[in-house]
Amino acid sequence: MIRVEDIKTITVVGAGTMGHGIAELAAMSGFKVYLADIDSNILNSAMSKIRWSLSKLAEKGTLKEPVDTVMGRIEPVVSVKDGSFSEELGRALAESQLMIEAIPENLKMKQDLFAFASSRMGPNAILATNTSSLPITEIASATSDPTRVVGMHFFNPPVLMPLVEVIKGARTSDEVVKVIVEVARKMGKTPVVVHKDVPGFIVNRILGRLMNLACFLVDRGIASVQEVDATAFYSLRFPMGVFELADYSGIDVFYLVTKAMAERGMEILPCKVFEEKFNAGKYGVKRGEGFYKYPEPGKFVKPSHQKEMAKVDPALLLSLAINEAAHLLRTGVASKEDIETSVKLGLGWPKGVFEYADELGIDKVVEALSRMKAETGAEVFSPDPLLQEMVRLGKLGRKSGEGFYSYAAIEEVVMETLVIRKEKPIAWITLNRPERLNAISPKMIEEMSKALDELEEDKEVRVVIIKGSGRAFSAGADVTSFAAVTPLDIMKFSRKFQELTLKIQFYTKPVIAAIHGYALGGGLEIAMSADLRIASEDAMLGQPEINLGFIPGAGGTQRLARLVGAARAKELIMTGEFLPAAEAHKIGLVNRLVKPGTLEDEARNLALKLAEKPPLGLMMAKFSIDMGLETNIWGGLMMEAGLFSLLFSSEDVVEGVSAFLEKRKPKFKGR
Ligand code: NAD
């Protein structure tokens, strides 16, 4: 049986939109790559696109090796000669342990290629297809061993999109699925497993349902394009409106994928507005016009959505998508976790589809579906038995304490400026003035200080995470509260704020700042007083006070210098310039950089990891480091020795050492 370590060489067949990206990704991940296409012009253009993309990554500092080293791993191969597959392709395949096919979406073409590949590749080699809509099982039927044929569905562009769907055909072996999951991980992607060969897999099925319903609502005059998009953007907080996304990715693409899913038996509602756009060639951004107009073909400018247009019932808008997700879960197509990951990473939703269901209320979703079913008679609106059963059992989601998730252990307190959420062993402090980008007011400082005191007393809370709601972590202190005040008032504000940052820094539990969007001025000062900072790639950090005529007043001049050195701190504070998250990560201001949309999960995972460590040990570690930095090495070392020895009187050390000797996981109690 083949193992992931055995895979050294990959042949990517098809060097178009997807193939060249997959080849680039594979080469970046250290694989030797043969990239095949029908003629050398296409290959040359693919190679220059790859070089261009690699040099962009190098400029951003995200490429680990020189561009030439990565390019050196890719060898172009002309795949056809005189109307049949070339010997060159045959040799490349014979040398490869994995083929990833990305040729056009045509069953016959794919079957021919798979038949050829299976005749040339080794007896353990894996044959993967990037098809979006064709059955893996039928592609596999052309080979001598369908157990080694699998779906490996990347998203466009493969280098940047974090998700890969791994699809099991009717005869694909579990081992092959496992190896491909590992290969995807080795490529730095997050794989999800699709256990049954259903049309559209997870992402396209759920998205297809959402688009189809959105279109149906517009067709029937129940909502307008703008209302659907404003609801998706403002109420559901999707990164894009539904029709905006159709424009962005191409109306033709959705039209054809939906058609392919319908041909394979999925019930799709009639949808005139899509069909009209498709027939008129108004494919969206690429044509300069779709549901919205763009300045020129290929130039995307985000349409502005109006908040007051967000009038569609979100439970209705998401009803078919949730129904589909329930169907996928109930019929064993994918696990709950993988479905959640798929919509977050594949569609950029800030929450999983089941999390939305729980929030909206399972009963509300079922009601919306039943109402539509009664009005239209369309079978597709029949609520999935899983949803019906949940309603029968009173599992209505968050409001009943249980739905797809259990909320028994979750307590939420909404204050004027903050939301405190205990999700033991974690507590989240959410800065909650989204309409003001979470500007820090005296009230917020007072509430945060009080919340921290309360959380400190709760023994079951082991880690605190601070984050922002809406579009930012925090854009800084609320300067409107500075109007018409005296220097003495400002001094008091500054000292209160500094006390808060000291409280965070010398908190007895680890504090993580989860940063997205802006973390500026006072926002960054709060983040810098936390022990660890995790930021999404879209974050922007800075101390821009100088532009308003003043300087940071809540520890910014002190902590920034300690974190990144005086020279960099001076540059940031004196120019007032913003620092993109990737740069902040490079200079050590941010500990971890994560993909947008994954920040909460990544912060939670990090917090859960810390929550397993001994609480006293964590406290001593942070105190020893922070206090040690303020003293000389002799004092620091003495303090370290003192704290070190003190820990040996704790039960947790006994537990840690015994667990180590007994080769089990320790259970620390904080005693
Ligand atoms: P594309 O048309 O951009 O590229 C296909 C390439 O395959 C072309 O360069 C073509 O010359 C080449 N080709 C055709 N026959 C060949 C052969 N016999 N040998 C070698 N090369 C051959 O298409 P694409 O958008 O990259 O899609 C490829 C596959 O990936 C399709 O199955 C599609 O469904 C799937 N997919 C596409 C996307 C997307 O967003 N474009 C996303 C996920 C999956």
# chains A, B, ... in the order shown; residues from 1 in each chain; ligands from 1
call {"tool": "select_by_dssp", "arguments": {"residues": "region 76-216 of chain A", "states": "alpha helix (DSSP H)", "output": "PyMOL selection string"}}
result
chain A and resi 87-95+107-120+136-140+174-186+203-216
call {"tool": "select_by_dssp", "arguments": {"residues": "region 127-304 of chain A", "states": "strand (DSSP E)", "output": "list in words"}}
result
Leu127, Ala128, Thr129, Val149, Val150, Gly151, Met152, His153, Phe154, Leu163, Val164, Glu165, Val166, Ile167, Lys168, Thr190, Pro191, Val192, Val193 and Val194 of chain A
call {"tool": "write_last_selection", "arguments": {"atoms": "C-alpha atoms", "output": "PDB file, in the first residue's frame"}}
result
ATOM      1  CA  LEU A 127      -5.118   8.762  -9.854  1.00  0.00           C
ATOM      2  CA  ALA A 128      -6.936  11.901  -8.718  1.00  0.00           C
ATOM      3  CA  THR A 129      -9.376  14.101 -10.596  1.00  0.00           C
ATOM      4  CA  VAL A 149      -9.095   6.677  -8.215  1.00  0.00           C
ATOM      5  CA  VAL A 150     -10.196   9.569  -6.038  1.00  0.00           C
ATOM      6  CA  GLY A 151     -11.550  13.101  -6.294  1.00  0.00           C
ATOM      7  CA  MET A 152      -9.230  15.904  -5.215  1.00  0.00           C
ATOM      8  CA  HIS A 153     -11.239  19.067  -5.669  1.00  0.00           C
ATOM      9  CA  PHE A 154      -9.253  22.283  -5.323  1.00  0.00           C
ATOM     10  CA  LEU A 163      -9.855  24.057   1.147  1.00  0.00           C
ATOM     11  CA  VAL A 164      -9.599  20.730  -0.697  1.00  0.00           C
ATOM     12  CA  GLU A 165     -12.530  18.311  -0.956  1.00  0.00           C
ATOM     13  CA  VAL A 166     -11.336  14.693  -1.098  1.00  0.00           C
ATOM     14  CA  ILE A 167     -14.034  12.568  -2.707  1.00  0.00           C
ATOM     15  CA  LYS A 168     -14.474   8.844  -2.365  1.00  0.00           C
ATOM     16  CA  THR A 190      -7.294  21.863   4.899  1.00  0.00           C
ATOM     17  CA  PRO A 191      -8.859  18.704   3.462  1.00  0.00           C
ATOM     18  CA  VAL A 192     -12.443  17.585   4.058  1.00  0.00           C
ATOM     19  CA  VAL A 193     -13.647  14.106   3.166  1.00  0.00           C
ATOM     20  CA  VAL A 194     -16.715  13.559   0.991  1.00  0.00           C
TER      21      VAL A 194
END
call {"tool": "closest_residue", "arguments": {"among": "A:His195, A:Lys395, A:Lys336, A:Lys450", "to": "Ile504 (chain A)", "atoms": "only C-alpha atoms"}}
result
A:Lys450
call {"tool": "atom_distance", "arguments": {"atom1": "CA of Leu618 (chain A)", "atom2": "CA of Val594 (chain A)"}}
result
23.8 Å
call {"tool": "closest_residue", "arguments": {"among": "A:Met161, A:Ile251, A:Leu93, A:Ala527", "to": "Arg287 (chain A)", "atoms": "only C-alpha atoms"}}
result
A:Ile251
call {"tool": "residues_around", "arguments": {"residues": "region 635-642 of chain A", "least_positions_apart": "3", "cutoff": "10 Å", "atoms": "only C-alpha atoms", "output": "PyMOL selection string"}}
result
chain A and resi 620-621+623-632+645-647
call {"tool": "residues_around", "arguments": {"residues": "Asp384 (chain A)", "least_positions_apart": "5", "cutoff": "9 Å", "atoms": "only C-alpha atoms", "output": "list of chain:residue names"}}
result
A:Asn323, A:Glu324, A:Ala326, A:His327, A:Arg330, A:Val366, A:Glu389
call {"tool": "write_last_selection", "arguments": {"atoms": "N, CA and C atoms", "output": "mmCIF file, in the first residue's frame"}}
result
data_model
loop_
_atom_site.group_PDB
_atom_site.id
_atom_site.type_symbol
_atom_site.label_atom_id
_atom_site.label_comp_id
_atom_site.auth_asym_id
_atom_site.auth_seq_id
_atom_site.Cartn_x
_atom_site.Cartn_y
_atom_site.Cartn_z
ATOM 1 N N ASN A 323 -30.906 22.982 4.833
ATOM 2 C CA ASN A 323 -31.572 21.705 4.545
ATOM 3 C C ASN A 323 -30.598 20.751 3.839
ATOM 4 N N GLU A 324 -29.829 21.290 2.913
ATOM 5 C CA GLU A 324 -28.847 20.488 2.174
ATOM 6 C C GLU A 324 -27.761 19.982 3.127
ATOM 7 N N ALA A 326 -28.020 19.469 6.282
ATOM 8 C CA ALA A 326 -28.613 18.430 7.139
ATOM 9 C C ALA A 326 -28.681 17.112 6.371
ATOM 10 N N HIS A 327 -29.035 17.207 5.094
ATOM 11 C CA HIS A 327 -29.118 16.015 4.250
ATOM 12 C C HIS A 327 -27.739 15.353 4.133
ATOM 13 N N ARG A 330 -26.953 13.743 7.533
ATOM 14 C CA ARG A 330 -27.790 12.575 7.858
ATOM 15 C C ARG A 330 -27.465 11.382 6.966
ATOM 16 N N VAL A 366 -37.292 25.260 9.581
ATOM 17 C CA VAL A 366 -38.307 24.294 9.139
ATOM 18 C C VAL A 366 -39.591 25.018 8.735
ATOM 19 N N GLU A 389 -36.869 15.979 13.006
ATOM 20 C CA GLU A 389 -36.664 15.239 14.251
ATOM 21 C C GLU A 389 -36.142 16.185 15.344
#
call {"tool": "residues_near_ligand", "arguments": {"ligand": "ligand 1", "cutoff": "9 Å", "atoms": "only C-alpha atoms and all ligand atoms", "output": "NGL selection string"}}
result
:A and (12-21 or 35-39 or 42-43 or 46 or 77-80 or 84-85 or 89 or 101-106 or 109-110 or 112-113 or 129-134 or 152-158 or 249 or 253 or 257)
call {"tool": "residues_around", "arguments": {"residues": "region 344-346 of chain A", "least_positions_apart": "2", "cutoff": "12 Å", "atoms": "only C-alpha atoms", "output": "count of residues only"}}
result
49
call {"tool": "atom_distance", "arguments": {"atom1": "CA of Arg185 (chain A)", "atom2": "CA of Ile100 (chain A)"}}
result
15.4 Å
call {"tool": "residues_around", "arguments": {"residues": "Arg533 (chain A)", "least_positions_apart": "6", "cutoff": "12 Å", "atoms": "only C-alpha atoms", "output": "MDAnalysis selection string"}}
result
chainID A and resid 465:467 473 510:516 519 524:527 539 541 563 581 584:585 588:594 599 602:603 606:607
call {"tool": "residues_around", "arguments": {"residues": "Phe274 (chain A)", "least_positions_apart": "6", "cutoff": "12 Å", "atoms": "only C-alpha atoms", "output": "number ranges by chain"}}
result
A: 211-216, 218-219, 225, 243, 246-247, 250-256, 258-259, 280-284, 290-291
call {"tool": "write_last_selection", "arguments": {"atoms": "N, CA and C atoms", "output": "PDB file, in the first residue's frame"}}
result
ATOM      1  N   MET A 211     -27.779  29.871  -3.934  1.00  0.00           N
ATOM      2  CA  MET A 211     -27.934  30.675  -5.150  1.00  0.00           C
ATOM      3  C   MET A 211     -29.291  30.400  -5.783  1.00  0.00           C
ATOM      4  N   ASN A 212     -29.645  29.101  -5.798  1.00  0.00           N
ATOM      5  CA  ASN A 212     -30.889  28.718  -6.442  1.00  0.00           C
ATOM      6  C   ASN A 212     -32.082  29.367  -5.734  1.00  0.00           C
ATOM      7  N   LEU A 213     -32.033  29.360  -4.399  1.00  0.00           N
ATOM      8  CA  LEU A 213     -33.146  29.958  -3.659  1.00  0.00           C
ATOM      9  C   LEU A 213     -33.151  31.478  -3.847  1.00  0.00           C
ATOM     10  N   ALA A 214     -31.964  32.073  -3.792  1.00  0.00           N
ATOM     11  CA  ALA A 214     -31.865  33.530  -3.963  1.00  0.00           C
ATOM     12  C   ALA A 214     -32.494  33.905  -5.303  1.00  0.00           C
ATOM     13  N   CYS A 215     -32.141  33.149  -6.322  1.00  0.00           N
ATOM     14  CA  CYS A 215     -32.635  33.398  -7.661  1.00  0.00           C
ATOM     15  C   CYS A 215     -34.150  33.221  -7.724  1.00  0.00           C
ATOM     16  N   PHE A 216     -34.629  32.169  -7.076  1.00  0.00           N
ATOM     17  CA  PHE A 216     -36.064  31.869  -7.041  1.00  0.00           C
ATOM     18  C   PHE A 216     -36.846  33.013  -6.372  1.00  0.00           C
ATOM     19  N   VAL A 218     -35.987  36.114  -6.254  1.00  0.00           N
ATOM     20  CA  VAL A 218     -35.984  37.268  -7.156  1.00  0.00           C
ATOM     21  C   VAL A 218     -36.960  37.021  -8.313  1.00  0.00           C
ATOM     22  N   ASP A 219     -36.906  35.817  -8.875  1.00  0.00           N
ATOM     23  CA  ASP A 219     -37.826  35.434  -9.966  1.00  0.00           C
ATOM     24  C   ASP A 219     -39.281  35.693  -9.593  1.00  0.00           C
ATOM     25  N   VAL A 225     -32.584  41.670  -6.006  1.00  0.00           N
ATOM     26  CA  VAL A 225     -31.161  41.302  -5.962  1.00  0.00           C
ATOM     27  C   VAL A 225     -30.473  42.055  -4.823  1.00  0.00           C
ATOM     28  N   PHE A 243     -25.539  37.413  -5.186  1.00  0.00           N
ATOM     29  CA  PHE A 243     -25.422  37.744  -6.611  1.00  0.00           C
ATOM     30  C   PHE A 243     -24.061  38.371  -6.917  1.00  0.00           C
ATOM     31  N   ALA A 246     -21.884  35.526  -7.491  1.00  0.00           N
ATOM     32  CA  ALA A 246     -22.128  34.940  -8.813  1.00  0.00           C
ATOM     33  C   ALA A 246     -21.394  35.760  -9.878  1.00  0.00           C
ATOM     34  N   ASP A 247     -21.473  37.069  -9.766  1.00  0.00           N
ATOM     35  CA  ASP A 247     -20.761  37.945 -10.700  1.00  0.00           C
ATOM     36  C   ASP A 247     -19.254  37.734 -10.605  1.00  0.00           C
ATOM     37  N   GLY A 250     -18.325  34.200 -11.845  1.00  0.00           N
ATOM     38  CA  GLY A 250     -18.782  33.919 -13.215  1.00  0.00           C
ATOM     39  C   GLY A 250     -20.145  33.252 -13.207  1.00  0.00           C
ATOM     40  N   ILE A 251     -21.122  33.943 -13.758  1.00  0.00           N
ATOM     41  CA  ILE A 251     -22.483  33.402 -13.805  1.00  0.00           C
ATOM     42  C   ILE A 251     -22.499  32.144 -14.677  1.00  0.00           C
ATOM     43  N   ASP A 252     -21.669  32.134 -15.723  1.00  0.00           N
ATOM     44  CA  ASP A 252     -21.593  30.962 -16.595  1.00  0.00           C
ATOM     45  C   ASP A 252     -21.151  29.727 -15.820  1.00  0.00           C
ATOM     46  N   VAL A 253     -20.174  29.925 -14.909  1.00  0.00           N
ATOM     47  CA  VAL A 253     -19.655  28.791 -14.132  1.00  0.00           C
ATOM     48  C   VAL A 253     -20.784  28.186 -13.290  1.00  0.00           C
ATOM     49  N   PHE A 254     -21.518  29.057 -12.575  1.00  0.00           N
ATOM     50  CA  PHE A 254     -22.609  28.562 -11.737  1.00  0.00           C
ATOM     51  C   PHE A 254     -23.709  27.933 -12.568  1.00  0.00           C
ATOM     52  N   TYR A 255     -23.990  28.571 -13.696  1.00  0.00           N
ATOM     53  CA  TYR A 255     -25.043  28.070 -14.559  1.00  0.00           C
ATOM     54  C   TYR A 255     -24.710  26.636 -14.990  1.00  0.00           C
ATOM     55  N   LEU A 256     -23.461  26.437 -15.418  1.00  0.00           N
ATOM     56  CA  LEU A 256     -23.079  25.116 -15.931  1.00  0.00           C
ATOM     57  C   LEU A 256     -22.956  24.072 -14.819  1.00  0.00           C
ATOM     58  N   THR A 258     -24.578  24.100 -11.978  1.00  0.00           N
ATOM     59  CA  THR A 258     -25.936  23.779 -11.528  1.00  0.00           C
ATOM     60  C   THR A 258     -26.609  22.838 -12.518  1.00  0.00           C
ATOM     61  N   LYS A 259     -26.388  23.124 -13.794  1.00  0.00           N
ATOM     62  CA  LYS A 259     -26.994  22.288 -14.823  1.00  0.00           C
ATOM     63  C   LYS A 259     -26.470  20.843 -14.700  1.00  0.00           C
ATOM     64  N   ALA A 280     -27.627  36.133 -22.266  1.00  0.00           N
ATOM     65  CA  ALA A 280     -27.213  37.443 -22.789  1.00  0.00           C
ATOM     66  C   ALA A 280     -25.694  37.605 -22.733  1.00  0.00           C
ATOM     67  N   GLY A 281     -24.999  36.573 -22.222  1.00  0.00           N
ATOM     68  CA  GLY A 281     -23.540  36.650 -22.138  1.00  0.00           C
ATOM     69  C   GLY A 281     -23.063  37.611 -21.054  1.00  0.00           C
ATOM     70  N   LYS A 282     -23.975  38.010 -20.169  1.00  0.00           N
ATOM     71  CA  LYS A 282     -23.577  38.903 -19.064  1.00  0.00           C
ATOM     72  C   LYS A 282     -23.102  38.031 -17.895  1.00  0.00           C
ATOM     73  N   TYR A 283     -21.860  37.591 -18.002  1.00  0.00           N
ATOM     74  CA  TYR A 283     -21.351  36.596 -17.050  1.00  0.00           C
ATOM     75  C   TYR A 283     -20.873  37.193 -15.731  1.00  0.00           C
ATOM     76  N   GLY A 284     -20.912  38.513 -15.615  1.00  0.00           N
ATOM     77  CA  GLY A 284     -20.429  39.110 -14.366  1.00  0.00           C
ATOM     78  C   GLY A 284     -19.149  39.886 -14.597  1.00  0.00           C
ATOM     79  N   GLY A 290     -23.006  41.867 -14.972  1.00  0.00           N
ATOM     80  CA  GLY A 290     -23.744  40.672 -14.586  1.00  0.00           C
ATOM     81  C   GLY A 290     -24.966  41.192 -13.860  1.00  0.00           C
ATOM     82  N   PHE A 291     -25.072  40.866 -12.582  1.00  0.00           N
ATOM     83  CA  PHE A 291     -26.157  41.465 -11.791  1.00  0.00           C
ATOM     84  C   PHE A 291     -25.810  42.909 -11.452  1.00  0.00           C
TER      85      PHE A 291
END
call {"tool": "decode", "arguments": {"residues": "region 535-550 of chain A", "atoms": "N, CA and C atoms", "output": "JSON list (two decimals), in the first residue's frame"}}
result
[["chain", "number", "residue", "atom", "x", "y", "z"],
["A", 535, "ALA", "N", -3.39, 36.81, 14.34],
["A", 535, "ALA", "CA", -4.05, 37.77, 13.45],
["A", 535, "ALA", "C", -4.45, 37.12, 12.15],
["A", 536, "SER", "N", -5.57, 37.55, 11.60],
["A", 536, "SER", "CA", -5.93, 37.05, 10.27],
["A", 536, "SER", "C", -5.21, 37.91, 9.24],
["A", 537, "GLU", "N", -5.02, 37.33, 8.05],
["A", 537, "GLU", "CA", -4.19, 38.00, 7.05],
["A", 537, "GLU", "C", -4.71, 39.37, 6.66],
["A", 538, "ASP", "N", -5.99, 39.63, 6.94],
["A", 538, "ASP", "CA", -6.56, 40.92, 6.55],
["A", 538, "ASP", "C", -6.33, 42.00, 7.62],
["A", 539, "ALA", "N", -5.64, 41.66, 8.70],
["A", 539, "ALA", "CA", -5.50, 42.64, 9.78],
["A", 539, "ALA", "C", -4.48, 43.73, 9.43],
["A", 540, "MET", "N", -4.69, 44.90, 10.00],
["A", 540, "MET", "CA", -3.79, 46.05, 9.83],
["A", 540, "MET", "C", -3.50, 46.60, 11.22],
["A", 541, "LEU", "N", -2.21, 46.69, 11.57],
["A", 541, "LEU", "CA", -1.87, 47.15, 12.91],
["A", 541, "LEU", "C", -1.17, 48.50, 12.81],
["A", 542, "GLY", "N", -1.28, 49.29, 13.86],
["A", 542, "GLY", "CA", -0.58, 50.56, 13.81],
["A", 542, "GLY", "C", -0.82, 51.41, 15.03],
["A", 543, "GLN", "N", 0.07, 52.40, 15.21],
["A", 543, "GLN", "CA", -0.08, 53.41, 16.26],
["A", 543, "GLN", "C", -0.12, 54.76, 15.54],
["A", 544, "PRO", "N", -1.26, 55.11, 14.95],
["A", 544, "PRO", "CA", -1.30, 56.32, 14.12],
["A", 544, "PRO", "C", -1.57, 57.61, 14.89],
["A", 545, "GLU", "N", -1.45, 57.61, 16.24],
["A", 545, "GLU", "CA", -1.79, 58.79, 17.04],
["A", 545, "GLU", "C", -1.11, 60.06, 16.55],
["A", 546, "ILE", "N", 0.13, 59.90, 16.06],
["A", 546, "ILE", "CA", 0.92, 61.08, 15.69],
["A", 546, "ILE", "C", 0.19, 61.93, 14.64],
["A", 547, "ASN", "N", -0.59, 61.25, 13.79],
["A", 547, "ASN", "CA", -1.32, 61.98, 12.74],
["A", 547, "ASN", "C", -2.39, 62.90, 13.31],
["A", 548, "LEU", "N", -2.76, 62.63, 14.57],
["A", 548, "LEU", "CA", -3.77, 63.49, 15.20],
["A", 548, "LEU", "C", -3.09, 64.49, 16.14],
["A", 549, "GLY", "N", -1.76, 64.41, 16.22],
["A", 549, "GLY", "CA", -1.03, 65.38, 17.04],
["A", 549, "GLY", "C", -0.62, 64.86, 18.40],
["A", 550, "PHE", "N", -0.95, 63.60, 18.72],
["A", 550, "PHE", "CA", -0.52, 63.10, 20.03],
["A", 550, "PHE", "C", 0.24, 61.79, 19.90]]
